[in-house]
Structure formats: C-alpha cells, structure tokens
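Below is one structure; the comments refer to it alone.
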Amino acid sequence: MNLTVNIGKLKLKNPVMTASGTFGYGEEYSEFVDLNKLGAIVVKGISLKPREGNPSPRICETSCGMLNSIGLQNVGLKEFLKTKLPYVRKYDTKLIVNILGNTLQEYVKLSEALDDAGVDGIELNVSCPNVKKGGIVFGTDKKMLAKLIGKVRSSVKNSTLITKLSPNVSDIKEFARMAEESGSDAISLINTIPGMAIDIKTKKPKIANIIGGLSGPAIKPIAVRMVYESYRAVKIPIIGMGGIMNSEDAVEFMLAGATAVAIGTANFVNPMATLAIIRGMESFMKENGITDFKKLTGGLRC
Amino acid sequence: MSRYLRAEIIENSPVNKSHNLLILSSSDISKNSAPGQFYMIETASSYDPLLKRPLSILKQKSGAVHFLYRIKGKGTERIRQMKSGASVSVLGPLGNGYPLPGKNITPILIAGGIGIASLFPLAEKLGKNAYLFYGGRTKEELLLLDELKDMVKELIISTDNGSAGEKGTVVDVLKDYLASQLSALSSQLIYACGPSPMLEAVSRLAAEKGIKGYISMEENMACGVGACLGCSVKTKKGYKRVCKEGPVFSIEEIVW
C-alpha cells in the first residue's frame with residue numbers, strides 16, 4: 001500500500017498535513033500526535049518581525065464552523081529559526097513554513113532566510129483576510145501575485161514553493177494559473193472565507209475585528225469546488241483544505257483534484273484528528289482495493 | 001496518560017433551571033488537578049455546535065471530575081442534553097490554576113455568578129483561612145451555599161436585586177468590607193473569577209488599595225492547548241493565551 005505523494009520536490013510519507021495557524025509550531029500538539037506520522041507540518045504563519053495580533057475576542061463559533069481574526073500573531077523569523085524550527089526538525093516529517101510580508105521585499109527576505117535554513121517547503125500566505133497590509137492584497141490582484149511569486153521564486157533554491165490561494169476572488173482558475181506560470185511548485189487552497197457574526201443582544205460584532213475568516217465544515221463544499229476548478233486549470237499539485245473533518249472528506253478533496261490535504265479546524269475539535277484521518281485513508285484503500293493513493297487524485301467521474 | 005480521553009457521564013442533573021452539575025468518570029482521567037484548571041468538553045457528535053466548551057473543575061475525586069455549569073448558549077445547552085451513561089470526549093486538565101498564598105496571608109475570594117465553579121476547589125483548599133465574597137444578579141444564581149458556608153472563614157453573599165444577602169454588586173460589598181471589617185488585616189491576597197466587568201472592577205479596587213492577587217479570565221476558546229491563539233487576552237507583556245498561560249493571571253497584568 002503506497003500512501004506517499006509528491007508535492008514539487010517534496011516526497012510526503014502520506015498526503016496528510018496540518019493547515020497553517022491551526023497546529024501552532026507543532027509542539028503544541030506533540031502530546032497528542034506522534035508528529036513522525038504526519039505527511040508534513042505547516043506551521044503558523046511567520047513574519048519578519050514578531051506580530052502582536054488582533055484584539056480579543058478573536059474567535060467565535062458559527063453554524064458548523066468558526067470565525068477567527070487572530071491577526072497573524074507570531075514570534076517572528078528570528079525566534080522561529082532559533083527555537084521553533086529546531087523543535088520540528090527532531091521529527092521525521094516535512095516542515096513547511098507559511099510566510100507573510102507587508103511588502104514584496106519582506107516576502108523575499110523571509111523566503112531567502114528559510115530556504116537557507118533548509119526548510120522543506122515555503123507556503124506564501126497571500127490570502128489572510130485578517131491583516132491590513134500585505135497578504136490578501138497580493139492574493140486578490142493577479143499582477144501583484146505574479147510579481148511576488150516571480151521574485152520569491154528566484155530567491156528560493158531548494159525549498160518547494162507553495163502559494164496559498166484566497167477564495168475571495170471571482171475566478172480561482174485565473175489565480176491558480178497565474179501561480180503556476182509564475183513558478184510556484186504547488187498551490188494550496190482554500191484559506192478562510194471572510195465572514196461576520198453579530199450578537200443581537202449587545203448589537204456588537206462577535207469578534208473584535210468585526211470581520212474574520214470562516215473555517216470548518218461550513219466551507220467544505222466551496223473548497224471542494226475550488227479544488228476541482230483549479231485541478232482542471234493547472235498541472236502543478238494542489239494541497240486541498242477547507243473543513244476536512246474525517247478521512248471521507250479527505251478522499252473527497254483528492255477526487256476533486258488534490259494531491260495532498262491539510263487539516264485545520266478539525267484539530268481543535270479532536271487533537272488527534274490528523275492521525276484518525278491517516279488511519280481512515282488506509283482503511284479506505286484496503287476496502288476499495290487501492291494500492292497507490294496518488295491514483296485517487298482527480299478521480300472524479302462526471 | 002493522555003489528556004485527551006473518553007469519559008462516562010455519571011450524572012448530569014439540574015441544580016436549578018439554568019445550572020447543571022456534570023460528573024464524568026474514567027479510569028484514564030487525571031487523578032490530580034489544581035484549583036482553577038479546566039476541561040474542554042465535547043458538545044455534540046454532529047458539527048453544530050462544533051467546538052468543545054471549557055468548563056472549570058468544581059471537584060476532583062478519584063477517577064471522577066465534577067463540573068458546575070450555566071446553560072448559556074448552544075454549546076452548554078447540548079451538554080445539558082447529554083444523558084447519564086453516555087460517553088463524551090474530553091481534554092484536560094488544562095491551564096495553570098491558582099497559585100496558593102504564602103503563610104500569614106489572608107485570601108479573599110471573589111466570585112461572580114458561575115465564577116464560583118472555578119473558585120470552589122480553591123475555597124475548599126484554603127478552608128477556614130479564606131473569606132469568600134459571592135455575588136449574583138439574583139438569589140437563583142447563588143449555588144452550593146451550604147457547602148461553602150462550612151468551608152470558609154466567612155461567606156458574604158450579595159445580589160444585584162437584593163433578593164439574597166447584601167444588595168449591590170459583589171465588588172461594592174467587597175469595597176465596604178475592606179474599609180470596615182477587613183481593614184485590620186495586614187496582608188491580603190485576592191482571587192477572583194466572574195464576568196469581565198466584575199473582574200475589571202476588582203482589578204481597579206485592588207490597584208487602589210494596593211492589594212495583590214489573581215483573576216481567572218474567560219474567552220471564547222477553540223483548541224484549549226495553545227495552538228489557535230483564539231483565546232488570547234491583552235496583558236502588559238503582550239497577548240497571552242487564556243488556555244495556556246492562563247486562565248489565571250496576576251491581577252495587575254491584564255490590560256483592560
């Protein structure tokens with residue numbers, strides 16, 4: 001039974017990774033998950049300088065999902081390289097670092113430093129809805145995105161370059177194609193969808209930033225659709241995510257065109273969700289006589 | 001022993017119309033916990049509600065943990081509907097808990113509403129050294145009074161509408177006591193848990209009087225293990241996670 005998949009130069013032992021921002025720096029979940037068993041760990045988004053994050057309340061639950069506006073609170077590049085990176089490196093899993101810059105130069109600096117530090121993958125966060133500068137500004141403007149990926153591409157030698165796409169665009173295919181043409185080794189989608197919720201008693205927004213990113217099972221059909229559309233538009237591998245709660249959901253994303261999947265909000269519901277999903281995928285293979293998981297990708301019949 | 005486990009519901013019974021007592025048992029459940037720690041409790045096997053809910057530990061007995069909770073929203077309503085004998089997944093004990101006072105220090109506990117659940121095990125531990133100020137909006141919000149009365153040196157209850165104990169907020173009552181009955185005490189330490197406006201008022205009063213202490217904070221929580229950064233509160237040293245560095249913080253640390 002072969003669960004390995006390839007994302008650019010990366011060979012993952014299985015298609016299950018963690019979604020950035022939902023798994024801390026790996027350490028937070030090491031009590032519950034044998035990190036060696038994961039295909040890859042995608043750590044919380046890193047910026048050049050530490051970020052304080054947004055005021056509280058930062059999250060609220062909505063029907064079958066949750067809104068968050070953390071504001072990319074993170075320790076910054078220097079501290080990440082010093083303490084967080086060595087921790088994950090103790091484990092036999094691939095390390096992908098999600099990065100966010102205010103400017104194009106910041107993305108370049110971050111990716112150069114992380115490439116030099118030998119991380120396996122760099123995921124460009126051009127889709128965070130919760131910060132004012134950078135991020136989604138690049139992710140929703142095709143020309144800006146192309147320029148950004150081009151610049152980062154020429155400064156990254158060894159790491160696999162992944163672009164995380166925003167669902168907040170009218171045509172995801174165009175952005176997927178733009179990422180491919182500009183030199184991205186893979187794309188990951190979807191990031192959260194901007195949403196809001198109001199407390200009708202106090203008439204106040206339920207999160208302090210008013211608008212936050214919606215995640216969880218509520219967004220899964222949108223994510224599956226966008227993976228399906230992107231798969232038909234590009235040849236580079238797709239990392240699918242958005243409300244994956246169990247192995248059936250993961251298989252669904254693969255049928256739509258994902259080569260690998262990332263688990264996000266499900267970690268909050270069940271800290272061992274990633275492992276349960278890997279086990280469930282193995283059972284699915286056995287039950288259906290599948291020997292190579294890669295063959296599921298894009299297997300949708302219609 | 002994993003902190004993520006399945007436990008059996010031994011009891012889930014109403015204390016009054018808006019509060020329930022939940023008792024969970026499992027051979028895998030931690031035998032120890034510190035006053036002020038909490039568990040995340042599964043709310044439903046479906047996706048709505050989705051996230052676990054944090055409940056303070058009321059009592060820790062061998063192999064069983066007791067929780068007192070207020071039915072406030074969708075999550076706690078679903079917990080209320082769970083039947084004895086059913087099994088739920090839980091995560092805990094989580095958080096830091098209250099640091100204990102040094103010798104010759106008089107602990108003053110201040111509970112607002114369901115905040116009593118978090119302070120109950122501390123009151124039990126401190127026993128006859130402690131003063132407990134316990135306020136609610138109405139008489140119905142004041143629970144476990146008989147047990148508490150025997151536990152602490154003095155129990156002072158209050159209600160906003162005057163239906164039981166002194167009339168006024170728990171902080172107003174505390175203020176009066178600090179100026180009268182408690183004015184002779186040389187060193188006091190505050191422990192408070194309750195709604196945010198109460199904690200803010202307690203913090204201001206403590207700063208005014210130069211009394212140190214600890215408060216247990218509440219925020220919406222997703223993961224409970226420090227990963228999502230959703231429950232962070234602003235402190236003088238930047239944002240800190242209620243689930244990990246908290247829920248108990250030094251009283252002067254929080255930025256209101």
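Chain lettering (A, B, ...) mirrors the order of the structure tokens, residue numbering begins at 1 for each chain separately, and ligand numbering begins at 1 in order of display.
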Show me, as a PyMOL selection string, the residues that have an atom within 10 Å of B:Tyr4 when counting only C-alpha atoms, minus same-chain residues fewer than 2 positions from it.
(chain A and resi 31-32+270-272) or (chain B and resi 1-2+6-7+28-29+39-40+89-93)
Could the residues of chain B that have an atom at most 10 Å from chain A be listed as JSON lines, each with its closest atom pair and the distance in Å to one decimal, counting only C-alpha atoms and ordered by chain and ascending residue number?
{"residue": "B:Ser2", "atom": "CA", "partner": "A:Phe32", "partner_atom": "CA", "distance": 7.3}
{"residue": "B:Arg3", "atom": "CA", "partner": "A:Phe32", "partner_atom": "CA", "distance": 8.1}
{"residue": "B:Tyr4", "atom": "CA", "partner": "A:Phe32", "partner_atom": "CA", "distance": 7.4}
{"residue": "B:Met40", "atom": "CA", "partner": "A:Val269", "partner_atom": "CA", "distance": 9.7}
{"residue": "B:Ile41", "atom": "CA", "partner": "A:Val269", "partner_atom": "CA", "distance": 9.9}
{"residue": "B:Glu42", "atom": "CA", "partner": "A:Val269", "partner_atom": "CA", "distance": 8.0}
{"residue": "B:Thr43", "atom": "CA", "partner": "A:Val269", "partner_atom": "CA", "distance": 9.8}
{"residue": "B:Ser46", "atom": "CA", "partner": "A:Cys64", "partner_atom": "CA", "distance": 8.6}
{"residue": "B:Tyr47", "atom": "CA", "partner": "A:Cys64", "partner_atom": "CA", "distance": 5.0}
{"residue": "B:Asp48", "atom": "CA", "partner": "A:Cys64", "partner_atom": "CA", "distance": 4.8}
{"residue": "B:Pro49", "atom": "CA", "partner": "A:Cys64", "partner_atom": "CA", "distance": 6.4}
{"residue": "B:Leu50", "atom": "CA", "partner": "A:Cys64", "partner_atom": "CA", "distance": 5.8}
{"residue": "B:Leu51", "atom": "CA", "partner": "A:Val269", "partner_atom": "CA", "distance": 5.4}
{"residue": "B:Lys52", "atom": "CA", "partner": "A:Val269", "partner_atom": "CA", "distance": 6.4}
{"residue": "B:Lys74", "atom": "CA", "partner": "A:Glu61", "partner_atom": "CA", "distance": 9.8}
{"residue": "B:Gly75", "atom": "CA", "partner": "A:Glu61", "partner_atom": "CA", "distance": 9.6}
{"residue": "B:Ser89", "atom": "CA", "partner": "A:Asn270", "partner_atom": "CA", "distance": 8.7}
{"residue": "B:Val90", "atom": "CA", "partner": "A:Asn270", "partner_atom": "CA", "distance": 9.3}
{"residue": "B:Leu91", "atom": "CA", "partner": "A:Pro271", "partner_atom": "CA", "distance": 8.8}
{"residue": "B:Glu219", "atom": "CA", "partner": "A:Pro57", "partner_atom": "CA", "distance": 6.9}
{"residue": "B:Asn220", "atom": "CA", "partner": "A:Ile59", "partner_atom": "CA", "distance": 6.3}
{"residue": "B:Met221", "atom": "CA", "partner": "A:Ile59", "partner_atom": "CA", "distance": 7.3}
{"residue": "B:Ala222", "atom": "CA", "partner": "A:Phe268", "partner_atom": "CA", "distance": 5.7}
{"residue": "B:Cys223", "atom": "CA", "partner": "A:Phe268", "partner_atom": "CA", "distance": 4.2}
{"residue": "B:Gly224", "atom": "CA", "partner": "A:Phe268", "partner_atom": "CA", "distance": 7.7}
{"residue": "B:Val225", "atom": "CA", "partner": "A:Glu28", "partner_atom": "CA", "distance": 6.4}
{"residue": "B:Gly226", "atom": "CA", "partner": "A:Glu28", "partner_atom": "CA", "distance": 6.3}
{"residue": "B:Ala227", "atom": "CA", "partner": "A:Gly24", "partner_atom": "CA", "distance": 4.3}
{"residue": "B:Cys228", "atom": "CA", "partner": "A:Thr22", "partner_atom": "CA", "distance": 5.4}
{"residue": "B:Leu229", "atom": "CA", "partner": "A:Ile70", "partner_atom": "CA", "distance": 6.6}
{"residue": "B:Gly230", "atom": "CA", "partner": "A:Arg58", "partner_atom": "CA", "distance": 5.3}
{"residue": "B:Cys231", "atom": "CA", "partner": "A:Arg58", "partner_atom": "CA", "distance": 6.8}
{"residue": "B:Ser232", "atom": "CA", "partner": "A:Ser56", "partner_atom": "CA", "distance": 6.7}
{"residue": "B:Val233", "atom": "CA", "partner": "A:Ser56", "partner_atom": "CA", "distance": 6.2}
{"residue": "B:Lys234", "atom": "CA", "partner": "A:Pro55", "partner_atom": "CA", "distance": 7.4}
{"residue": "B:Gly238", "atom": "CA", "partner": "A:Glu52", "partner_atom": "CA", "distance": 6.7}
{"residue": "B:Tyr239", "atom": "CA", "partner": "A:Glu52", "partner_atom": "CA", "distance": 6.7}
{"residue": "B:Lys240", "atom": "CA", "partner": "A:Glu52", "partner_atom": "CA", "distance": 9.9}
{"residue": "B:Lys244", "atom": "CA", "partner": "A:Glu28", "partner_atom": "CA", "distance": 10.0}
Would you mind listing what lies within 9 Å of stretch 138-141 of chain B as a JSON list (two decimals) with N, CA, C and O atoms, in the first residue's frame, with only C-alpha atoms counted and same-chain residues fewer than 3 positions away left out?
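Final output, result-v8.json:
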[["chain", "number", "residue", "atom", "x", "y", "z"],
["B", 16, "ASN", "N", -30.56, 24.11, 39.22],
["B", 16, "ASN", "CA", -31.78, 24.91, 39.09],
["B", 16, "ASN", "C", -32.05, 25.06, 37.60],
["B", 16, "ASN", "O", -31.43, 24.35, 36.80],
["B", 17, "LYS", "N", -32.92, 26.00, 37.19],
["B", 17, "LYS", "CA", -33.32, 25.94, 35.79],
["B", 17, "LYS", "C", -32.23, 26.38, 34.79],
["B", 17, "LYS", "O", -32.30, 26.05, 33.63],
["B", 18, "SER", "N", -31.21, 27.06, 35.29],
["B", 18, "SER", "CA", -30.17, 27.48, 34.35],
["B", 18, "SER", "C", -28.78, 26.91, 34.66],
["B", 18, "SER", "O", -27.80, 27.27, 34.02],
["B", 19, "HIS", "N", -28.71, 26.05, 35.65],
["B", 19, "HIS", "CA", -27.40, 25.47, 36.02],
["B", 19, "HIS", "C", -27.49, 23.96, 36.18],
["B", 19, "HIS", "O", -28.49, 23.46, 36.69],
["B", 113, "GLY", "N", -21.39, 35.09, 39.93],
["B", 113, "GLY", "CA", -22.17, 34.10, 39.19],
["B", 113, "GLY", "C", -21.48, 32.75, 39.11],
["B", 113, "GLY", "O", -20.97, 32.23, 40.11],
["B", 114, "ILE", "N", -21.41, 32.22, 37.90],
["B", 114, "ILE", "CA", -20.86, 30.88, 37.70],
["B", 114, "ILE", "C", -19.34, 30.84, 37.95],
["B", 114, "ILE", "O", -18.75, 29.75, 38.01],
["B", 135, "GLY", "N", -21.31, 36.91, 44.68],
["B", 135, "GLY", "CA", -22.44, 37.71, 44.22],
["B", 135, "GLY", "C", -23.09, 37.16, 42.97],
["B", 135, "GLY", "O", -22.45, 36.49, 42.15],
["B", 158, "SER", "N", -24.15, 38.36, 48.09],
["B", 158, "SER", "CA", -24.81, 39.59, 47.66],
["B", 158, "SER", "C", -25.56, 39.34, 46.35],
["B", 158, "SER", "O", -25.21, 38.42, 45.60],
["B", 159, "THR", "N", -26.58, 40.14, 46.12],
["B", 159, "THR", "CA", -27.32, 40.06, 44.85],
["B", 159, "THR", "C", -27.58, 41.48, 44.36],
["B", 159, "THR", "O", -27.78, 42.40, 45.16],
["B", 160, "ASP", "N", -27.61, 41.61, 43.05],
["B", 160, "ASP", "CA", -27.86, 42.93, 42.44],
["B", 160, "ASP", "C", -29.24, 43.46, 42.84],
["B", 160, "ASP", "O", -29.42, 44.66, 43.05],
["B", 161, "ASN", "N", -30.23, 42.54, 42.96],
["B", 161, "ASN", "CA", -31.59, 42.99, 43.26],
["B", 161, "ASN", "C", -31.95, 42.87, 44.74],
["B", 161, "ASN", "O", -33.08, 43.12, 45.13],
["B", 162, "GLY", "N", -30.99, 42.42, 45.55],
["B", 162, "GLY", "CA", -31.25, 42.32, 46.98],
["B", 162, "GLY", "C", -32.08, 41.12, 47.40],
["B", 162, "GLY", "O", -32.52, 41.02, 48.54],
["B", 163, "SER", "N", -32.29, 40.16, 46.49],
["B", 163, "SER", "CA", -33.12, 39.00, 46.82],
["B", 163, "SER", "C", -32.45, 38.04, 47.80],
["B", 163, "SER", "O", -33.09, 37.17, 48.37],
["B", 164, "ALA", "N", -31.13, 38.16, 47.96],
["B", 164, "ALA", "CA", -30.43, 37.38, 49.00],
["B", 164, "ALA", "C", -29.17, 38.15, 49.38],
["B", 164, "ALA", "O", -28.56, 38.82, 48.55],
["B", 165, "GLY", "N", -28.81, 38.08, 50.65],
["B", 165, "GLY", "CA", -27.60, 38.73, 51.13],
["B", 165, "GLY", "C", -27.66, 40.24, 50.98],
["B", 165, "GLY", "O", -28.73, 40.84, 50.99]]
If DSSP is run on the backbone, what residues of stretch 93-249 of chain A are strand (DSSP E)? A reply as a count of residues only would be ideal.
34
Would you kindly return, as a PyMOL selection string, each protein, DNA or RNA residue with an atom no farther than 10 Å from any atom of B:Glu253, considering only C-alpha atoms and excluding same-chain residues fewer than 4 positions away?
chain B and resi 203+214-215+234-238+249
Near A:Ser127, within 12 Å and counting only C-alpha atoms, which residues show up once chain neighbours fewer than 4 positions away are dropped, as a short mmCIF file (atom, residue, chain, number, x, y, z; two decimals) with N, CA and C atoms, in the first residue's frame?
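Written file, selection_1.cif:
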data_model
loop_
_atom_site.label_atom_id
_atom_site.label_comp_id
_atom_site.auth_asym_id
_atom_site.auth_seq_id
_atom_site.Cartn_x
_atom_site.Cartn_y
_atom_site.Cartn_z
N SER A 20 -1.84 25.72 8.19
CA SER A 20 -1.16 26.79 8.91
C SER A 20 -2.11 27.51 9.87
N GLY A 45 1.83 31.00 10.43
CA GLY A 45 2.46 32.00 9.57
C GLY A 45 3.52 32.83 10.28
N LEU A 72 -2.47 37.08 12.69
CA LEU A 72 -1.12 36.55 12.47
C LEU A 72 -0.14 36.82 13.59
N ASN A 98 4.72 28.72 6.53
CA ASN A 98 3.83 29.71 5.93
C ASN A 98 4.41 31.09 6.23
N ILE A 99 4.54 31.93 5.21
CA ILE A 99 5.15 33.26 5.46
C ILE A 99 4.22 34.39 5.01
N LEU A 100 4.35 35.50 5.71
CA LEU A 100 3.55 36.67 5.37
C LEU A 100 4.38 37.94 5.48
N GLY A 101 4.35 38.74 4.44
CA GLY A 101 5.07 40.01 4.48
C GLY A 101 4.15 41.18 4.26
N GLU A 123 5.31 28.21 2.15
CA GLU A 123 3.95 28.49 1.69
C GLU A 123 3.72 29.99 1.75
N VAL A 131 -5.31 40.77 8.14
CA VAL A 131 -4.29 41.79 8.35
C VAL A 131 -4.47 42.86 7.28
N LYS A 132 -4.09 44.08 7.64
CA LYS A 132 -4.40 45.20 6.76
C LYS A 132 -3.45 45.29 5.56
N LYS A 133 -2.18 45.08 5.84
CA LYS A 133 -1.19 45.21 4.76
C LYS A 133 -0.73 43.84 4.28
N GLY A 134 -0.26 43.77 3.05
CA GLY A 134 0.30 42.52 2.54
C GLY A 134 -0.77 41.47 2.41
N GLY A 135 -0.36 40.21 2.49
CA GLY A 135 -1.32 39.12 2.49
C GLY A 135 -2.26 39.17 1.32
N ILE A 136 -3.52 39.36 1.66
CA ILE A 136 -4.59 39.22 0.67
C ILE A 136 -4.50 40.27 -0.45
N VAL A 137 -3.79 41.37 -0.19
CA VAL A 137 -3.60 42.39 -1.22
C VAL A 137 -2.90 41.75 -2.43
N PHE A 138 -1.94 40.85 -2.13
CA PHE A 138 -1.25 40.14 -3.20
C PHE A 138 -2.13 39.04 -3.80
N GLY A 139 -2.91 38.44 -2.93
CA GLY A 139 -3.68 37.26 -3.33
C GLY A 139 -4.90 37.56 -4.17
N THR A 140 -5.32 38.82 -4.22
CA THR A 140 -6.53 39.14 -4.97
C THR A 140 -6.23 40.04 -6.17
N ASP A 141 -4.94 40.26 -6.45
CA ASP A 141 -4.55 41.07 -7.61
C ASP A 141 -3.56 40.23 -8.42
N LEU A 145 0.36 39.32 -7.67
CA LEU A 145 0.67 37.93 -7.30
C LEU A 145 1.80 37.39 -8.19
N THR A 163 1.98 28.32 -3.14
CA THR A 163 1.20 29.55 -3.00
C THR A 163 -0.18 29.21 -2.45
N LYS A 164 -0.51 29.83 -1.33
CA LYS A 164 -1.83 29.57 -0.73
C LYS A 164 -2.84 30.58 -1.25
N LEU A 165 -3.80 30.10 -1.99
CA LEU A 165 -4.73 30.99 -2.69
C LEU A 165 -5.92 31.41 -1.83
N SER A 166 -6.37 32.61 -2.11
CA SER A 166 -7.55 33.14 -1.43
C SER A 166 -8.81 32.69 -2.17
N PRO A 167 -9.84 32.32 -1.41
CA PRO A 167 -11.12 32.01 -2.06
C PRO A 167 -11.89 33.29 -2.40
N ASN A 168 -11.34 34.42 -1.98
CA ASN A 168 -12.05 35.69 -2.10
C ASN A 168 -11.81 36.34 -3.47
N VAL A 169 -11.91 35.55 -4.51
CA VAL A 169 -11.72 36.05 -5.89
C VAL A 169 -12.88 35.53 -6.74
N PHE A 175 -6.18 32.63 -10.84
CA PHE A 175 -5.12 32.79 -9.85
C PHE A 175 -4.28 31.51 -9.76
N ILE A 187 0.08 24.66 -5.37
CA ILE A 187 -0.84 25.64 -4.76
C ILE A 187 -1.59 24.96 -3.63
N SER A 188 -1.95 25.76 -2.63
CA SER A 188 -2.78 25.23 -1.56
C SER A 188 -4.02 26.09 -1.48
N LEU A 189 -5.16 25.45 -1.26
CA LEU A 189 -6.42 26.18 -1.17
C LEU A 189 -7.47 25.31 -0.48
N ILE A 190 -8.38 25.98 0.25
CA ILE A 190 -8.58 27.42 0.31
C ILE A 190 -8.20 27.96 1.69
N ASN A 191 -7.85 29.24 1.73
CA ASN A 191 -7.76 29.92 3.02
C ASN A 191 -9.20 30.17 3.50
N THR A 192 -9.33 30.80 4.66
CA THR A 192 -10.68 31.05 5.19
C THR A 192 -11.44 32.05 4.32
N ILE A 193 -12.74 32.01 4.47
CA ILE A 193 -13.61 32.91 3.71
C ILE A 193 -14.07 34.05 4.63
N PRO A 194 -13.91 35.31 4.21
CA PRO A 194 -14.32 36.41 5.09
C PRO A 194 -15.80 36.31 5.49
N GLY A 213 -12.18 35.24 9.38
CA GLY A 213 -12.13 34.18 8.38
C GLY A 213 -12.95 32.99 8.84
#
Per DSSP on the backbone, what are the alpha helix (DSSP H) residues of stretch 19-166 of chain B, as JSON, numbers by chain?
{"B": [74, 75, 76, 77, 78, 79, 80, 81, 116, 117, 118, 119, 120, 121, 122, 123, 124, 125, 126, 145, 146, 147, 148, 149, 150, 151]}
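Interatomic distance, atom CA of B:Ser187 to atom CA of B:Gln37: 25.6 Å.
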With only C-alpha atoms as the atoms that count, which of A:Thr93, A:Ser182, A:Asn125, A:Ser155 lies nearest to A:Ala113?
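Closest to A:Ala113, using only C-alpha atoms: A:Ser155.
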